[in-house]
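S.K.: A single structure is presented below for examination.
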Amino acid sequence: MTDLLATLNEEQARAVTLPAQHALILAGAGSGKTRVLTTRIAWLIQTGQATPQGILGVTFTNKAAREMHARLAAMLPVNPKAMWIGTFHGLCNRLLRAHHRDAGLPQLFQILDSGDQLSAIKRLLKTLNVDDEKFPPRELQHFINAQKEQGVRASAVDAFDDFTRRRVELYAEYEAQCQREAVVDFPELLLRTYELLSRNEPLRQHYQRRFRHILTDEFQDTNKLQYQWLKLLAGGENSESPACLFCVGDDDQSIYRFRGAEVGNMLAFEREFKVPNVIRLEQNYRSCGNILDAANAIIANNTQRLGKELWTDRGEGEPIRVYEAFTDGDEARFVVDEIQSLVRDGMSRSDIALLYRANALSRVLEHQLFSAGVSYRVYGGLRFFERQEVKHALAYLRLIANPDDDTAFARVVNFPTRGIGARSLEALQDAARTYNSSLYATVSHLSGKPRAAIGAFVQLIESLRSATVNLPLPEAVDHVLDQSGLRAHYESQKEKDGRERLENLDEIISAATNFVAENEVPEPAVEHPLLADFLAHASLEAGDHQADASEDAVQLMTVHAAKGLEFDVVFVCGLEEGLFPHENSLMETDGLEEERRLMYVAVTRARQRLYVSLAQSRMLHGQTRYNMRSRFLEEIPDTLTKWLTPKSGGGQAPARPSHFSPSPASAPRRPASAAHAPGRDLGGLRIGQNVRHARFGAGIIVAAEGSGSDARVQINFGAQGMKWLLMSVAKLDPA
């Protein structure tokens with residue numbers, strides 16, 4: 001027993017040895033929560049308070065479940081795999097297999113992963129002759145899953161308009177299709193289990209008597225249904241003999257609201273179960289003191305938190321390095337130069353991570369790493385030029401440059417969908433073999449319906465070629481994104497995935513702009529050889545071998561993907577207002593607080609050294625943006641930072657173009673008071689006033705900076721997003 005507790009600090013040991021009562025363990029980043037969770041299980045078994053069969057351990061990932069099994073195997077003489085320890089979905093699958101008849105399922109029911117579920121929805125829409133432009137399959141999938149994760153069947157959804165009513169009808173049809181085919185999707189596993197236990201009292205009591213201790217990891221990430229599921233198994237406050245809920249989590253790391261996570265579940269658990277034991281694990285074993293002090297200072301600005309203060313006995317460590325570049329290209333060059341210097345000093349590339357708020361920011365970093373020959377890997381995602389929406393856009397551009405490109409033709413001939421069926425494509429492929437010509441050239445040999453359907457696509461490509469021949473390359477790309485229907489297709493996907501794909505599409509325009517500048521190509525008309533050169537550049541970067549997991553390579557990832565990971569050196573890039581925090585968060589309830597939790601996660605990934613960087617101007621989504629420092633940077637105390645560029649006021653002057661990078665010291669700067677000044681006079685307008693723009697429509701002024709001809713205002717145009725506009729150029733009318 002002493003050996004079991006020997007490696008624990010005082011608070012960890014207190015959590016492990018709690019009496020058989022409900023407990024909430026607030027485990028800060030790097031505080032050893034997995035150790036506490038597994039040691040608690042071992043303690044309960046070794047002290048005879050529980051049997052291995054009487055413990056239910058719930059995790060969020062298979063990786064976490066495997067780690068718990070491995071640790072318990074080293075602590076206990078029993079086989080941990082015989083215990084009920086796994087993910088929510090894994091445990092529900094186990095329970096439904098054992099009680100499939102009561103759940104209304106065949107014994108050999110199959111599980112649909114996300115891709116299978118999307119395919120099933122597409123098949124349903126086709127069977128019902130539903131317009132998949134009006135009801136995009138991915139958006140319908142998101143709608144169905146969101147309802148299930150709230151514990152709501154189609155029959156119980158409130159529909160306030162005809163569009164929602166039709167979606168509810170499709171939800172009901174999808175449920176019927178799944179039942180006929182004996183398949184369940186991931187959210188269904190949990191919902192079906194919850195419904196089974198709710199209505200079957202003998203079965204519910206059986207499991208309530210069996211599992212006397214329920215231990216849950218990453219409790220801050222539970223959604224509404226998962227929390228209801230836990231309460232049901234625990235017996236609730238009205239149960240004669242409720243099980244003990246031991247919930248471990250960190251409300252400061254709740255960053256998955258877009259997946260349905262409810263950070264409020266932690267407060268609800270404490271209140272509803274009258275939790276007698278709330279223990280804070282605040283000693284961090286990962287990071288140096290300055291990094292933790294910065295994280296504490298940032299997250300302290302959130303109001304909706306249970307509160308804790310991370311500390312370490314590892315000393316202060318190095319200051320946080322801050323670099324303010326003129327442009328995003330300059331920022332990327334600085335980052336890569338620092339990486340090369342660190343590697344020369346003996347640092348492994350795999351111990352270095354580059355974090356960014358949005359996927360689109362990876363492009364300029366990837367380009368610079370590729371150009372410098374630095375091996376890198378995009379963790380949990382695809383490199384920029386390998387992303388689906390980017391490859392679709394490049395396929396259209398490839399057809400403009402070379403209509404005989406059959407691979408590009410096949411990729412987008414029916415994307416976005418334009419009613420070209422499989423039989424028409426088969427007829428085209430057969431004819432192409434007969435005439436020994438490309439698919440594009442063969443269309444003229446078709447007749448009837450196949451020629452009419454595919455001929456319209458050929459006419460689209462011809463019109464794109466004609467329209468872009470006299471346009472500069474970036475404008476040509478912009479035109480293709482619009483006229484191909486790609487933008488409209490992804491705009492119809494309202495969820496986060498659609499927004500990110502739109503951002504990546506617009507980033508292709510930035511890539512084209514930078515390509516022209518870096519290759520010193522004159523600005524006049526885009527000739528197709530120039531387009532071919534750009535496409536070759538994209539192919540080379542996409543085709544460059546991405547390092548595999550075993551290779552020593554720099555790690556690139558979004559902050560969301562970084563949760564749970566740690567690195568010796570971390571770069572947090574793009575620390576600018578509108579990027580991090582993301583501009584969308586300013587329009588969402590409690591959005592800024594979640595963005596600040598994201599920043600807290602980003603900072604606490606670093607063990608030894610942390611860099612934060614920003615750019616005064618950034619080519620993003622095809623437009624040059626002039627940025628202000630993120631409020632999160634301003635929330636870090638000056639005593640913890642070391643500026644690698646001169647620090648002055650918070651406002652920024654317009655940056656030099658990316659091909660001209662003088663010393664940062666020469667940059668003119670505006671004082672901090674120039675920005676976010678309530679009531680500031682702006683030629684008769686003021687911050688907080690409603691205005692109207694000829695192109696963007698109605699909006700509200702949320703910030704301003706500069707004076708005279710340099711005065712700019714930031715306006716929230718709602719669905720059109722946040723825009724910075726020069727007062728001397730923009731014609732704004734009071735609304």
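Naming scheme: A, B, ... for chains in displayed order of the structure tokens; residues 1 onward per chain; ligands 1 onward as shown.
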Mind the document's chain letters and residue numbers, and return as a PyMOL selection string the residues of region 272-482 of chain A that DSSP labels helix (DSSP H, G or I).
M.R.: chain A and resi 272+289-299+328-344+349-351+359-372+384-386+388-401+406-412+422-435+439-445+448-468+473-482
S.K.: I want to know what sits within 12 Å of Ala532 (chain A), based on only C-alpha atoms, with residues of the same chain fewer than 5 positions away left out; could you give that as number ranges by chain?
M.R.: A: 394-395, 397-402, 473, 512, 515, 526-527, 537-539
S.K.: May I have the selected residues written with N, CA, C and O atoms, as a short mmCIF file (atom, residue, chain, number, x, y, z; two decimals), in the first residue's frame?
M.R.:
```cif
data_model
loop_
_atom_site.label_atom_id
_atom_site.label_comp_id
_atom_site.auth_asym_id
_atom_site.auth_seq_id
_atom_site.Cartn_x
_atom_site.Cartn_y
_atom_site.Cartn_z
N LEU A 394 -7.64 23.00 -56.95
CA LEU A 394 -6.50 22.81 -57.85
C LEU A 394 -6.90 21.99 -59.07
O LEU A 394 -6.35 22.19 -60.16
N ALA A 395 -7.85 21.07 -58.91
CA ALA A 395 -8.30 20.27 -60.05
C ALA A 395 -8.96 21.16 -61.11
O ALA A 395 -8.73 20.97 -62.31
N LEU A 397 -8.26 24.33 -61.58
CA LEU A 397 -7.17 25.10 -62.18
C LEU A 397 -6.36 24.23 -63.14
O LEU A 397 -5.91 24.70 -64.19
N ARG A 398 -6.18 22.97 -62.78
CA ARG A 398 -5.43 22.05 -63.67
C ARG A 398 -6.16 21.86 -64.99
O ARG A 398 -5.54 21.78 -66.06
N LEU A 399 -7.48 21.79 -64.95
CA LEU A 399 -8.25 21.63 -66.19
C LEU A 399 -8.17 22.87 -67.07
O LEU A 399 -8.18 22.77 -68.31
N ILE A 400 -8.09 24.03 -66.44
CA ILE A 400 -7.93 25.26 -67.22
C ILE A 400 -6.57 25.26 -67.92
O ILE A 400 -6.45 25.63 -69.09
N ALA A 401 -5.56 24.81 -67.19
CA ALA A 401 -4.21 24.77 -67.76
C ALA A 401 -4.04 23.63 -68.75
O ALA A 401 -3.31 23.74 -69.74
N ASN A 402 -4.72 22.50 -68.48
CA ASN A 402 -4.57 21.31 -69.32
C ASN A 402 -5.86 20.50 -69.29
O ASN A 402 -6.07 19.68 -68.41
N LEU A 473 -2.95 36.22 -61.59
CA LEU A 473 -3.12 34.88 -61.04
C LEU A 473 -4.03 34.84 -59.80
O LEU A 473 -4.95 34.02 -59.75
N ALA A 512 -1.28 32.00 -54.17
CA ALA A 512 -1.02 32.52 -55.52
C ALA A 512 -0.37 33.90 -55.47
O ALA A 512 0.55 34.19 -56.23
N PHE A 515 3.17 33.44 -54.44
CA PHE A 515 3.93 32.81 -55.52
C PHE A 515 4.37 33.86 -56.54
O PHE A 515 5.52 33.87 -56.99
N VAL A 526 -2.58 36.93 -66.23
CA VAL A 526 -2.15 35.56 -65.98
C VAL A 526 -2.15 34.82 -67.31
O VAL A 526 -3.17 34.76 -67.98
N GLU A 527 -1.00 34.33 -67.69
CA GLU A 527 -0.95 33.46 -68.85
C GLU A 527 -0.93 32.04 -68.33
O GLU A 527 -0.44 31.77 -67.26
N HIS A 537 4.31 24.16 -58.53
CA HIS A 537 4.77 24.52 -57.18
C HIS A 537 3.89 23.83 -56.12
O HIS A 537 4.40 23.26 -55.15
N ALA A 538 2.56 23.87 -56.32
CA ALA A 538 1.65 23.23 -55.37
C ALA A 538 1.87 21.73 -55.33
O ALA A 538 1.87 21.11 -54.25
N SER A 539 2.08 21.11 -56.48
CA SER A 539 2.28 19.67 -56.53
C SER A 539 3.58 19.27 -55.85
O SER A 539 3.64 18.24 -55.16
#
```
S.K.: Give the answer as one residue: which of A:Glu169, A:Asp404, A:Glu188, A:Asp638 has the shortest atom-to-atom distance to Pro319 (chain A), using only C-alpha atoms?
M.R.: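 Among the listed residues, A:Asp638 lies closest to Pro319 (chain A).
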S.K.: Excluding region 682-694 of chain A and its own-chain neighbours fewer than 3 positions away, which residues fall within 7 Å of it when counting only C-alpha atoms? Please give them as a list of chain:residue names.
M.R.: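 In the requested form, the answer reads A:Pro678, A:Gly679, A:Gly697, A:Ala698, A:Gly699, A:Ile700, A:Ile701, A:Val702, A:Ala703, A:Lys731, A:Leu732, A:Asp733, A:Pro734, A:Ala735.
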S.K.: I'd like the neighbourhood of Ala602 (chain A) as a PDB file with N, CA and C atoms, in the first residue's frame, where a residue qualifies if any of its atoms comes within 8 Å (using only C-alpha atoms), though same-chain residues fewer than 3 positions away should be ignored.
M.R.:
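Wrote selection.pdb, looks like this:
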```
ATOM      1  N   LEU A 355       2.086  25.661 -33.206  1.00  0.00           N
ATOM      2  CA  LEU A 355       0.643  25.653 -32.971  1.00  0.00           C
ATOM      3  C   LEU A 355       0.001  26.877 -33.609  1.00  0.00           C
ATOM      4  N   VAL A 559      -4.342  24.187 -32.223  1.00  0.00           N
ATOM      5  CA  VAL A 559      -4.333  24.104 -30.754  1.00  0.00           C
ATOM      6  C   VAL A 559      -5.288  23.012 -30.283  1.00  0.00           C
ATOM      7  N   ALA A 562      -3.595  19.794 -30.270  1.00  0.00           N
ATOM      8  CA  ALA A 562      -2.457  19.707 -29.348  1.00  0.00           C
ATOM      9  C   ALA A 562      -2.851  19.289 -27.939  1.00  0.00           C
ATOM     10  N   LYS A 563      -4.146  19.336 -27.625  1.00  0.00           N
ATOM     11  CA  LYS A 563      -4.565  19.012 -26.259  1.00  0.00           C
ATOM     12  C   LYS A 563      -4.124  17.595 -25.886  1.00  0.00           C
ATOM     13  N   VAL A 572       3.656  29.428 -30.609  1.00  0.00           N
ATOM     14  CA  VAL A 572       2.246  29.755 -30.829  1.00  0.00           C
ATOM     15  C   VAL A 572       2.225  30.911 -31.820  1.00  0.00           C
ATOM     16  N   LEU A 598      -8.503  27.958 -24.934  1.00  0.00           N
ATOM     17  CA  LEU A 598      -7.631  27.447 -25.993  1.00  0.00           C
ATOM     18  C   LEU A 598      -6.217  27.985 -25.846  1.00  0.00           C
ATOM     19  N   MET A 599      -6.110  29.281 -25.543  1.00  0.00           N
ATOM     20  CA  MET A 599      -4.792  29.875 -25.351  1.00  0.00           C
ATOM     21  C   MET A 599      -4.093  29.249 -24.151  1.00  0.00           C
ATOM     22  N   ARG A 605       1.316  23.530 -23.277  1.00  0.00           N
ATOM     23  CA  ARG A 605       1.938  22.405 -24.006  1.00  0.00           C
ATOM     24  C   ARG A 605       3.459  22.462 -23.892  1.00  0.00           C
ATOM     25  N   ALA A 606       4.033  23.628 -23.518  1.00  0.00           N
ATOM     26  CA  ALA A 606       5.484  23.826 -23.543  1.00  0.00           C
ATOM     27  C   ALA A 606       6.119  23.375 -22.235  1.00  0.00           C
TER      28      ALA A 606
END
```
S.K.: May I ask which of the residues A:Val78, A:Leu197, A:Ala488, A:Ala146 is the closest one to Asn223 (chain A), counting only C-alpha atoms?
M.R.: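 Under the stated criterion, the closest residue is A:Ala146.
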S.K.: Have a look at A:Tyr194, A:Tyr285, A:Tyr379, A:Tyr440 and name the one nearest to Asp405 (chain A); count only C-alpha atoms.
M.R.: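 So, comparing all the options, the nearest one is A:Tyr440.
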S.K.: What does the structure give for the distance between CA of Ala476 (chain A) and CA of Phe385 (chain A), in Å to one decimal?
M.R.: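 Distance reported for this atom pair: 18.1 Å.
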S.K.: Using Å and a single decimal, report how far CA of Glu67 (chain A) sits from CA of Ala15 (chain A).
M.R.: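 Computed distance, CA of Ala15 (chain A) to CA of Glu67 (chain A), equals 19.7 Å.
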S.K.: Compile a residue-level contact table for region 471-522 of chain A against region 327-351 of chain A at a cut-off of 12 Å, reporting for every qualifying residue the shortest atom pair and its distance in Å to one decimal, with only C-alpha atoms counted, rows ordered by chain and ascending number, as a tab-separated table.
M.R.:
```
residue	atom	partner	partner_atom	distance
A:Ser510	CA	A:Asp328	CA	10.9
A:Ala511	CA	A:Gly329	CA	11.1
A:Thr513	CA	A:Gly329	CA	11.9
A:Asn514	CA	A:Gly329	CA	8.9
A:Phe515	CA	A:Gly329	CA	11.7
A:Ala517	CA	A:Gly329	CA	11.3
A:Glu518	CA	A:Gly329	CA	10.4
```
S.K.: Applying 12 Å and only C-alpha atoms, which residues near Lys391 (chain A) remain after dropping the ones on its own chain fewer than 6 positions away? List them as a PyMOL selection string.
M.R.: chain A and resi 382-385+397-398+407-409+411-412+415+481+486+501+504-505+508+535+538-539+542
S.K.: For each of A:Gly249, A:Gly485, A:Gly718, A:Pro19, take the minimum atom-to-atom distance to Phe219 (chain A), counting only C-alpha atoms, then give the residue where this is smallest.
M.R.: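 Closest to Phe219 (chain A) of all the choices is A:Gly249.
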S.K.: Taking into account only C-alpha atoms, which residue in the set A:Glu583, A:Glu389, A:Asp478, A:Asp251 is nearest to Leu502 (chain A)?
M.R.: A:Glu389
S.K.: What is the distance, in Å and to one decimal place, between CA of Gln368 (chain A) and CA of His392 (chain A)?
M.R.: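 Between CA of Gln368 (chain A) and CA of His392 (chain A) the gap works out to 23.5 Å.
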S.K.: Go through A:Asn296, A:Gln107, A:Thr51, A:Thr558 and flag the residue nearest Gly28 (chain A), using only C-alpha atoms for the distances.
M.R.: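 Of all the options, A:Asn296 lies closest to Gly28 (chain A).
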